[in-house]
Amino acid sequence: MTSDAWVLTALTIITAATPLVYAAIGELVVEKSGVLNLGVEGMMLAGAVASFAVAHVTGLGYLGALAGAVAGTTLAALFALLTLGFQASQVAAGLSLTIFGTGLTALLGQPLVGIAFKGVPEFAIPVLAEVPVIGQLFFRHDLFVYGSFILVPAVAWFLYRTNAGLTLRAVGDSHDAAHALGIQVLRWRLAAILFGGCCAGIAGSYLALSYSPMWVENMTAGRGWIALALVVFATWRPGRLLLGAYLFGAISILQLHGQAVGLEIPSQFMSMLPYLATIIVLVLTSMDRGKISLHAPRCIGQPFYPAS
Amino acid sequence: MFNFKPKHILQSLLLVMALGSTVLSAATDDAFKVGFVYVGPVSDYGWTYRHDVGRKAIEAEFGDKVTTTFVESVDEGADAERVLRKLAQDGHDLIFTTSFGYMNATVKVAKSFPDVKFEHATGYKRAENVSTYSARFYEGRAVLGTIAGMMTETNTIGYIASFPIPEVVRGINATAIAMRKVNPDAQIKVVWVNTWYDPAKEADAAKTLIDQGADIVMQHTDSPAPLQVAEERGVLGFGQASDMKTFAPKAQLQTIIDDWNGYYVDRTRAAMEGSWESVDTWQGIKEGMVGFGDYNTVISDDVKAAAEIVRSGIVGGTIHPFQGPIRNQSGEEVVAEGNVLSDEVLLGMDYYVEGIVGSLPK
């Protein structure tokens with residue numbers, strides 16, 4: 001390939017990774033607070049259908065994204081009601097959220113199928129966009145992609161450089177200790193869950209408004225599950241999560257490139273790689289509790305009973 | 001990569017509900033019941049959508065005398081057998097199973113329900129009460145290949161393929177042969193996405209092919225996503241199964257339109273009158289099963305004329321898309337001049353012809 005082709009490929013990888021970045025960084029914050037929400041896929045679909053509906057009716061793509069964020073947050077609120085309010089099992093509630101979201105969006109989205117949408121506008125950043133290669137890669141995108149560039153460092157800064165971030169991590173590591181210190185465990189978890197829903201909603205909006213601007217049933221096609229795997233793969237660290245998202249994106253794009261130039265790697269094998277990588281990381285994590293699992297939230301998945 | 005679908009639990013629930021309601025309707029009338037099993041959503045604007053248009057044609061033709069049911073987004077695995085069994089149990093008289101992967105399930109269920117008639121699309125296993133039918137889409141591909149060969153400037157056509165089954169391979173080969181006739185320097189790059197329907201992945205594949213120099217994108221997957229990418233990147237493409245002009249008014253050069261209406265109406269009539277027999281039907285442009293859309297205005301008169309010659313030649317029988325000499329990828333002649341490939345060979349096609357980059361996944 002020529003250098004130009006490499007740039008184009010890298011560009012495709014960045015856009016392929018963008019929905020993963022949003023969904024995974026949201027889930028990372030949720031998990032850091034000690035909650036496992038398996039409903040990412042459902043919330044993404046809710047975001048996709050809502051954003052497409054609003055964008056189609058108003059003609060304003062970014063207003064649609066806002067609606068997508070609201071829709072994701074709404075489903076997350078439902079999850080919070082079940083798990084924090086009624087102390088339902090997080091795994092069961094999360095799975096039902098995905099199943100419910102898939103069915104509900106298929107139903108609500110029926111009138112939207114077969115409608116074309118022109119996509120959201122891109123904004124080239126003056127001066128920087130003119131820099132060869134770098135300008136093309138990083139400074140000629142739509143707002144979704146810029147947002148993903150900013151979001152991950154912002155979350156990292158929040159988690160590790162602010163008091164609020166410290167509190168959130170404390171809630172996730174030991175809710176009893178946090179409770180004893182007078183921290184409102186459920187409120188912090190609620191906030192984290194809503195943030196996760198908002199991010200998943202935006203991830204879905206990106207797919208429906210920018211990546212392949214249309215609505216079809218189940219259009220996320222498992223990307224929510226990849227995002228969940230990505231959080232584990234990143235061992236709950238935002239920086240690694242960003243790398244992982246681009247790595248997973250690169251795998252999915254490069255396997256297509258490999259085929260087009262005639263490389264003989266079974267594409268199913270490449271499709272399996274993100275999950276394989278996650279399993280390897282899981283094994284490493286359980287082998288080396290000290291170092292690798294340092295960032296894993298200790299209370300993940302456990303319900304918190306304020307009375308105890 | 002993206003195959004985990006817990007939605008099937010919900011789908012099954014909905015299915016049980018839907019089938020429950022058809023049981024109720026069966027109790028109130030004794031109309032002839034026709035069932036359809038679809039691999040995608042009826043709203044895919046491609047393959048499944050066109051089958052559903054055929055279903056509606058049956059309703060329009062027979063009115064009250066027929067009721068139709070469909071079950072959409074049925075996986076080609078174990079799900080299919082369960083759905084088919086349920087449809088047969090609910091008193092459907094004729095059932096159309098509209099994807100290759102339903103073949104074994106269809107034959108198996110048909111054995112348990114000898115009074116129910118089954119029609120399986122694109123397969124090759126028949127029985128007393130199982131017919132097969134398909135369209136000679138490769139004839140349509142030959143017309144599109146002619147247009148592609150004449151209009152490509154980079155001499156590279158990108159082809160997004162679903163699964164390496166003979167049906168898909170035949171389409172790629174028919175395109176390549178027609179393309180090389182008008183442009184011996186052109187080549188086809190194929191990307192297999194291992195799905196019939198995943199818009200984002202199909203879009204990824206389209207971007208990949210365009211990044212690698214393709215200026216025309218062709219697809220054998222069902223969503224309009226590749227055409228949307230073509231439109232956005234300013235390259236050209238072809239619709240798949242139905243007219244996808246709304247998604248890509250500039251990019252869609254031409255499209256193959258599947259037309260099952262005539263066949264579905266005929267077979268339903270035969271089943272109602274008792275003259276239904278197990279047959280194998282394979283119809284093409286001539287019979288109207290393979291249709292076309294409008295030519296895009298960017299196509300020059302020369303190109304249009306060349307495409308029309310191929311089309312009318314196929315209809316008139318003077319042109320066969322697999323007419324010798326045909327060479328395989330390594331340059332060996334597989335069909336001598338003057339010969340054409342038999343249907344039997346076409347149905348089992350498992351090699352690439354000259355002009356295709358890469359090797360066929362086994």
# chains A, B, ... in the order shown; residues from 1 in each chain; ligands from 1
$ interface_residues --of "chain A" --to "chain B" --cutoff "6 Å" --atoms "only C-alpha atoms" --output "list in words"
Ala5, Ile99, Thr102, Ala116, Ser212, Ala221, Gly222, His257, Gln259, Ala260, Gly262 and Ser271 of chain A
$ residues_around --residues "A:Ala170" --least-positions-apart "3" --cutoff "12 Å" --atoms "only C-alpha atoms" --output "mmCIF file with all heavy atoms, in the first residue's frame"
data_model
loop_
_atom_site.group_PDB
_atom_site.id
_atom_site.type_symbol
_atom_site.label_atom_id
_atom_site.label_comp_id
_atom_site.auth_asym_id
_atom_site.auth_seq_id
_atom_site.Cartn_x
_atom_site.Cartn_y
_atom_site.Cartn_z
ATOM 1 N N GLU A 31 -18.206 0.242 36.187
ATOM 2 C CA GLU A 31 -17.564 -0.873 36.889
ATOM 3 C C GLU A 31 -16.664 -0.369 38.018
ATOM 4 O O GLU A 31 -16.522 -1.010 39.045
ATOM 5 C CB GLU A 31 -16.797 -1.762 35.898
ATOM 6 C CG GLU A 31 -17.757 -2.480 34.951
ATOM 7 C CD GLU A 31 -17.107 -3.565 34.102
ATOM 8 O OE1 GLU A 31 -15.952 -3.936 34.366
ATOM 9 O OE2 GLU A 31 -17.780 -4.035 33.162
ATOM 10 N N LYS A 32 -16.042 0.786 37.782
ATOM 11 C CA LYS A 32 -15.203 1.371 38.828
ATOM 12 C C LYS A 32 -16.022 1.674 40.075
ATOM 13 O O LYS A 32 -15.504 1.684 41.187
ATOM 14 C CB LYS A 32 -14.540 2.661 38.316
ATOM 15 C CG LYS A 32 -13.235 2.414 37.578
ATOM 16 C CD LYS A 32 -12.168 2.010 38.554
ATOM 17 C CE LYS A 32 -10.810 1.861 37.898
ATOM 18 N NZ LYS A 32 -9.851 1.207 38.801
ATOM 19 N N SER A 33 -17.314 1.940 39.895
ATOM 20 C CA SER A 33 -18.162 2.219 41.049
ATOM 21 C C SER A 33 -18.668 0.920 41.679
ATOM 22 O O SER A 33 -19.443 0.953 42.624
ATOM 23 C CB SER A 33 -19.336 3.106 40.656
ATOM 24 O OG SER A 33 -20.361 2.324 40.074
ATOM 25 N N GLY A 34 -18.264 -0.213 41.114
ATOM 26 C CA GLY A 34 -18.634 -1.502 41.702
ATOM 27 C C GLY A 34 -19.872 -2.124 41.098
ATOM 28 O O GLY A 34 -20.428 -3.055 41.660
ATOM 29 N N LEU A 159 -10.915 10.220 37.450
ATOM 30 C CA LEU A 159 -10.778 9.065 38.344
ATOM 31 C C LEU A 159 -9.551 9.148 39.232
ATOM 32 O O LEU A 159 -9.584 8.767 40.391
ATOM 33 C CB LEU A 159 -10.729 7.766 37.529
ATOM 34 C CG LEU A 159 -12.044 7.248 36.958
ATOM 35 C CD1 LEU A 159 -11.791 6.017 36.102
ATOM 36 C CD2 LEU A 159 -13.034 6.907 38.075
ATOM 37 N N TYR A 160 -8.449 9.658 38.655
ATOM 38 C CA TYR A 160 -7.186 9.575 39.388
ATOM 39 C C TYR A 160 -6.653 10.913 39.903
ATOM 40 O O TYR A 160 -5.665 10.935 40.622
ATOM 41 C CB TYR A 160 -6.121 8.893 38.521
ATOM 42 C CG TYR A 160 -6.487 7.448 38.248
ATOM 43 C CD1 TYR A 160 -7.041 7.063 37.030
ATOM 44 C CD2 TYR A 160 -6.313 6.491 39.241
ATOM 45 C CE1 TYR A 160 -7.399 5.750 36.797
ATOM 46 C CE2 TYR A 160 -6.673 5.173 39.023
ATOM 47 C CZ TYR A 160 -7.212 4.804 37.801
ATOM 48 O OH TYR A 160 -7.576 3.502 37.594
ATOM 49 N N ASN A 163 -10.930 14.472 43.846
ATOM 50 C CA ASN A 163 -11.490 13.858 45.044
ATOM 51 C C ASN A 163 -12.705 13.010 44.718
ATOM 52 O O ASN A 163 -12.889 11.931 45.263
ATOM 53 C CB ASN A 163 -11.921 14.951 46.026
ATOM 54 C CG ASN A 163 -10.761 15.319 46.936
ATOM 55 O OD1 ASN A 163 -9.913 14.475 47.237
ATOM 56 N ND2 ASN A 163 -10.716 16.574 47.344
ATOM 57 N N ALA A 164 -13.523 13.543 43.807
ATOM 58 C CA ALA A 164 -14.731 12.812 43.429
ATOM 59 C C ALA A 164 -14.352 11.461 42.828
ATOM 60 O O ALA A 164 -14.981 10.446 43.126
ATOM 61 C CB ALA A 164 -15.544 13.643 42.437
ATOM 62 N N GLY A 165 -13.307 11.460 42.003
ATOM 63 C CA GLY A 165 -12.859 10.213 41.388
ATOM 64 C C GLY A 165 -12.390 9.213 42.437
ATOM 65 O O GLY A 165 -12.684 8.023 42.374
ATOM 66 N N LEU A 166 -11.681 9.747 43.441
ATOM 67 C CA LEU A 166 -11.199 8.896 44.525
ATOM 68 C C LEU A 166 -12.388 8.274 45.256
ATOM 69 O O LEU A 166 -12.388 7.077 45.573
ATOM 70 C CB LEU A 166 -10.352 9.740 45.488
ATOM 71 C CG LEU A 166 -9.712 8.986 46.651
ATOM 72 C CD1 LEU A 166 -8.708 7.982 46.152
ATOM 73 C CD2 LEU A 166 -9.058 9.970 47.610
ATOM 74 N N THR A 167 -13.406 9.104 45.513
ATOM 75 C CA THR A 167 -14.599 8.619 46.212
ATOM 76 C C THR A 167 -15.262 7.515 45.402
ATOM 77 O O THR A 167 -15.630 6.469 45.946
ATOM 78 C CB THR A 167 -15.593 9.780 46.410
ATOM 79 O OG1 THR A 167 -14.892 10.878 46.972
ATOM 80 C CG2 THR A 167 -16.733 9.358 47.311
ATOM 81 N N ASP A 173 -14.381 -0.174 45.425
ATOM 82 C CA ASP A 173 -13.442 -1.110 46.036
ATOM 83 C C ASP A 173 -13.957 -1.688 47.341
ATOM 84 O O ASP A 173 -13.714 -2.853 47.653
ATOM 85 C CB ASP A 173 -12.088 -0.414 46.261
ATOM 86 C CG ASP A 173 -11.249 -0.459 45.004
ATOM 87 O OD1 ASP A 173 -11.459 -1.385 44.201
ATOM 88 O OD2 ASP A 173 -10.404 0.430 44.815
ATOM 89 N N SER A 174 -14.632 -0.855 48.112
ATOM 90 C CA SER A 174 -15.213 -1.370 49.351
ATOM 91 C C SER A 174 -16.400 -0.513 49.741
ATOM 92 O O SER A 174 -16.242 0.550 50.350
ATOM 93 C CB SER A 174 -14.167 -1.361 50.471
ATOM 94 O OG SER A 174 -14.807 -1.653 51.693
ATOM 95 N N HIS A 175 -17.572 -0.972 49.367
ATOM 96 C CA HIS A 175 -18.723 -0.121 49.644
ATOM 97 C C HIS A 175 -19.005 -0.007 51.144
ATOM 98 O O HIS A 175 -19.516 1.005 51.595
ATOM 99 C CB HIS A 175 -19.968 -0.546 48.852
ATOM 100 C CG HIS A 175 -20.276 -1.998 48.865
ATOM 101 N ND1 HIS A 175 -20.756 -2.652 47.759
ATOM 102 C CD2 HIS A 175 -20.179 -2.920 49.830
ATOM 103 C CE1 HIS A 175 -20.948 -3.921 48.070
ATOM 104 N NE2 HIS A 175 -20.603 -4.104 49.300
ATOM 105 N N ASP A 176 -18.614 -1.039 51.895
ATOM 106 C CA ASP A 176 -18.856 -0.961 53.333
ATOM 107 C C ASP A 176 -17.984 0.104 53.990
ATOM 108 O O ASP A 176 -18.459 0.893 54.799
ATOM 109 C CB ASP A 176 -18.613 -2.324 53.979
ATOM 110 C CG ASP A 176 -19.650 -3.337 53.518
ATOM 111 O OD1 ASP A 176 -20.815 -2.919 53.325
ATOM 112 O OD2 ASP A 176 -19.297 -4.518 53.315
ATOM 113 N N ALA A 177 -16.702 0.104 53.596
ATOM 114 C CA ALA A 177 -15.804 1.111 54.149
ATOM 115 C C ALA A 177 -16.253 2.514 53.748
ATOM 116 O O ALA A 177 -16.275 3.438 54.567
ATOM 117 C CB ALA A 177 -14.380 0.861 53.660
ATOM 118 N N ALA A 178 -16.657 2.650 52.474
ATOM 119 C CA ALA A 178 -17.108 3.952 51.992
ATOM 120 C C ALA A 178 -18.335 4.397 52.777
ATOM 121 O O ALA A 178 -18.451 5.552 53.198
ATOM 122 C CB ALA A 178 -17.424 3.887 50.498
ATOM 123 N N HIS A 179 -19.223 3.455 53.019
ATOM 124 C CA HIS A 179 -20.447 3.752 53.763
ATOM 125 C C HIS A 179 -20.110 4.203 55.183
ATOM 126 O O HIS A 179 -20.678 5.184 55.701
ATOM 127 C CB HIS A 179 -21.330 2.494 53.790
ATOM 128 C CG HIS A 179 -22.622 2.692 54.512
ATOM 129 N ND1 HIS A 179 -23.580 3.591 54.090
ATOM 130 C CD2 HIS A 179 -23.120 2.103 55.636
ATOM 131 C CE1 HIS A 179 -24.618 3.550 54.910
ATOM 132 N NE2 HIS A 179 -24.365 2.661 55.862
ATOM 133 N N ALA A 180 -19.136 3.516 55.783
ATOM 134 C CA ALA A 180 -18.750 3.865 57.144
ATOM 135 C C ALA A 180 -18.173 5.278 57.218
ATOM 136 O O ALA A 180 -18.286 5.962 58.235
ATOM 137 C CB ALA A 180 -17.734 2.855 57.665
ATOM 138 N N LEU A 181 -17.597 5.712 56.086
ATOM 139 C CA LEU A 181 -17.037 7.076 56.043
ATOM 140 C C LEU A 181 -18.116 8.110 55.756
ATOM 141 O O LEU A 181 -17.836 9.293 55.636
ATOM 142 C CB LEU A 181 -15.972 7.166 54.956
ATOM 143 C CG LEU A 181 -14.624 6.533 55.295
ATOM 144 C CD1 LEU A 181 -13.753 6.488 54.064
ATOM 145 C CD2 LEU A 181 -13.942 7.318 56.407
ATOM 146 N N GLY A 182 -19.328 7.666 55.599
ATOM 147 C CA GLY A 182 -20.423 8.605 55.363
ATOM 148 C C GLY A 182 -20.660 8.895 53.901
ATOM 149 O O GLY A 182 -21.371 9.843 53.562
ATOM 150 N N ILE A 183 -20.053 8.103 53.023
ATOM 151 C CA ILE A 183 -20.278 8.324 51.590
ATOM 152 C C ILE A 183 -21.604 7.684 51.179
ATOM 153 O O ILE A 183 -21.909 6.566 51.592
ATOM 154 C CB ILE A 183 -19.114 7.717 50.770
ATOM 155 C CG1 ILE A 183 -17.820 8.465 51.098
ATOM 156 C CG2 ILE A 183 -19.409 7.785 49.278
ATOM 157 C CD1 ILE A 183 -16.583 7.789 50.562
ATOM 158 N N GLN A 184 -22.368 8.389 50.377
ATOM 159 C CA GLN A 184 -23.657 7.875 49.906
ATOM 160 C C GLN A 184 -23.409 6.921 48.741
ATOM 161 O O GLN A 184 -23.414 7.319 47.582
ATOM 162 C CB GLN A 184 -24.544 9.032 49.432
ATOM 163 C CG GLN A 184 -24.829 10.066 50.486
ATOM 164 C CD GLN A 184 -26.028 9.681 51.325
ATOM 165 O OE1 GLN A 184 -26.614 8.607 51.152
ATOM 166 N NE2 GLN A 184 -26.403 10.535 52.255
ATOM 167 N N VAL A 185 -23.207 5.662 49.064
ATOM 168 C CA VAL A 185 -22.791 4.668 48.068
ATOM 169 C C VAL A 185 -23.767 4.611 46.883
ATOM 170 O O VAL A 185 -23.368 4.678 45.718
ATOM 171 C CB VAL A 185 -22.664 3.275 48.719
ATOM 172 C CG1 VAL A 185 -22.448 2.201 47.659
ATOM 173 C CG2 VAL A 185 -21.522 3.274 49.715
ATOM 174 N N TRP A 188 -23.604 7.573 44.431
ATOM 175 C CA TRP A 188 -22.432 7.533 43.553
ATOM 176 C C TRP A 188 -22.619 6.485 42.462
ATOM 177 O O TRP A 188 -22.271 6.707 41.305
ATOM 178 C CB TRP A 188 -21.171 7.228 44.376
ATOM 179 C CG TRP A 188 -20.683 8.460 45.071
ATOM 180 C CD1 TRP A 188 -20.958 8.838 46.343
ATOM 181 C CD2 TRP A 188 -19.878 9.480 44.508
ATOM 182 N NE1 TRP A 188 -20.380 10.042 46.624
ATOM 183 C CE2 TRP A 188 -19.700 10.457 45.520
ATOM 184 C CE3 TRP A 188 -19.284 9.689 43.257
ATOM 185 C CZ2 TRP A 188 -18.950 11.625 45.309
ATOM 186 C CZ3 TRP A 188 -18.526 10.833 43.061
ATOM 187 C CH2 TRP A 188 -18.376 11.782 44.075
ATOM 188 N N ARG A 189 -23.187 5.359 42.854
ATOM 189 C CA ARG A 189 -23.393 4.312 41.849
ATOM 190 C C ARG A 189 -24.433 4.741 40.829
ATOM 191 O O ARG A 189 -24.292 4.459 39.635
ATOM 192 C CB ARG A 189 -23.815 3.008 42.533
ATOM 193 C CG ARG A 189 -22.633 2.401 43.260
ATOM 194 C CD ARG A 189 -22.852 0.971 43.655
ATOM 195 N NE ARG A 189 -21.584 0.458 44.147
ATOM 196 C CZ ARG A 189 -21.444 -0.604 44.911
ATOM 197 N NH1 ARG A 189 -22.511 -1.288 45.286
ATOM 198 N NH2 ARG A 189 -20.248 -0.994 45.303
ATOM 199 N N HIS A 295 -6.126 -2.531 39.522
ATOM 200 C CA HIS A 295 -7.140 -1.543 39.161
ATOM 201 C C HIS A 295 -8.544 -2.127 39.076
ATOM 202 O O HIS A 295 -9.481 -1.426 38.764
ATOM 203 C CB HIS A 295 -6.772 -0.877 37.832
ATOM 204 C CG HIS A 295 -5.527 -0.063 37.933
ATOM 205 N ND1 HIS A 295 -5.542 1.289 38.146
ATOM 206 C CD2 HIS A 295 -4.223 -0.424 37.909
ATOM 207 C CE1 HIS A 295 -4.306 1.738 38.236
ATOM 208 N NE2 HIS A 295 -3.480 0.710 38.088
ATOM 209 N N ALA A 296 -8.648 -3.434 39.325
ATOM 210 C CA ALA A 296 -9.981 -4.035 39.243
ATOM 211 C C ALA A 296 -10.784 -3.647 40.474
ATOM 212 O O ALA A 296 -10.298 -3.736 41.588
ATOM 213 C CB ALA A 296 -9.841 -5.558 39.179
ATOM 214 N N PRO A 297 -12.010 -3.169 40.266
ATOM 215 C CA PRO A 297 -12.847 -2.823 41.412
ATOM 216 C C PRO A 297 -13.191 -4.081 42.213
ATOM 217 O O PRO A 297 -13.647 -5.069 41.658
ATOM 218 C CB PRO A 297 -14.091 -2.205 40.784
ATOM 219 C CG PRO A 297 -14.066 -2.599 39.352
ATOM 220 C CD PRO A 297 -12.671 -2.911 38.980
ATOM 221 N N ARG A 298 -12.948 -4.019 43.521
ATOM 222 C CA ARG A 298 -13.093 -5.222 44.343
ATOM 223 C C ARG A 298 -14.553 -5.611 44.577
ATOM 224 O O ARG A 298 -14.871 -6.754 44.814
ATOM 225 C CB ARG A 298 -12.420 -5.014 45.705
ATOM 226 C CG ARG A 298 -10.908 -4.950 45.637
ATOM 227 C CD ARG A 298 -10.365 -6.281 45.125
ATOM 228 N NE ARG A 298 -9.066 -6.093 44.506
ATOM 229 C CZ ARG A 298 -7.919 -6.350 45.112
ATOM 230 N NH1 ARG A 298 -7.913 -6.776 46.342
ATOM 231 N NH2 ARG A 298 -6.793 -6.160 44.473
ATOM 232 N N CYS A 299 -15.427 -4.618 44.566
ATOM 233 C CA CYS A 299 -16.820 -4.885 44.924
ATOM 234 C C CYS A 299 -17.701 -5.137 43.711
ATOM 235 O O CYS A 299 -18.926 -5.089 43.824
ATOM 236 C CB CYS A 299 -17.405 -3.696 45.676
ATOM 237 S SG CYS A 299 -17.027 -3.757 47.400
ATOM 238 N N ILE A 300 -17.088 -5.369 42.555
ATOM 239 C CA ILE A 300 -17.888 -5.398 41.333
ATOM 240 C C ILE A 300 -18.958 -6.498 41.392
ATOM 241 O O ILE A 300 -18.682 -7.618 41.807
ATOM 242 C CB ILE A 300 -16.993 -5.548 40.090
ATOM 243 C CG1 ILE A 300 -17.837 -5.301 38.851
ATOM 244 C CG2 ILE A 300 -16.304 -6.886 40.033
ATOM 245 C CD1 ILE A 300 -17.047 -4.884 37.673
#
$ residues_around --residues "B:Asn155" --least-positions-apart "2" --cutoff "10 Å" --atoms "only C-alpha atoms" --output "list in words"
Ala148, Gly149, Met150, Met151, Thr152, Glu153, Ile157, Met179, Asn183, Pro184, Asp185, Ala186, Gln187, Ile188, Gly213, Ala214, Asp215 and Ile216 of chain B
$ select_by_dssp --residues "stretch 17-265 of chain B" --states "helix (DSSP H, G or I)" --output "ChimeraX atom specification"
/B:17-28,47-65,78-89,100-112,137-151,166-182,199-211,225-233,261-265
$ residues_around --residues "B:Asp280" --least-positions-apart "3" --cutoff "6 Å" --atoms "only C-alpha atoms" --output "ChimeraX atom specification"
/B:131-133
$ residues_around --residues "A:Ala106" --least-positions-apart "3" --cutoff "10 Å" --atoms "only C-alpha atoms" --output "PyMOL selection string"
(chain A and resi 45-46+49+100-103+109-113+215-219) or (chain B and resi 41)
$ residues_around --residues "A:Leu230" --least-positions-apart "4" --cutoff "12 Å" --atoms "only C-alpha atoms" --output "count of residues only"
40
$ select_by_dssp --residues "stretch 39-189 of chain B" --states "strand (DSSP E)" --output "ChimeraX atom specification"
/B:66-71,94-97,117-121,130-135,156-161,187-189
$ closest_residue --among "A:Tyr211, A:Tyr62, A:Phe139, A:Phe195" --to "A:Leu151" --atoms "only C-alpha atoms"
A:Phe195
$ atom_distance --atom1 "atom CA of A:Pro126" --atom2 "atom CA of A:Val155"
26.6 Å
$ closest_residue --among "A:Phe269, A:Leu143, A:Gly72, A:Gly197" --to "A:Ala50" --atoms "only C-alpha atoms"
A:Gly72
$ atom_distance --atom1 "atom CA of A:Phe86" --atom2 "atom CA of A:Ala67"
27.4 Å
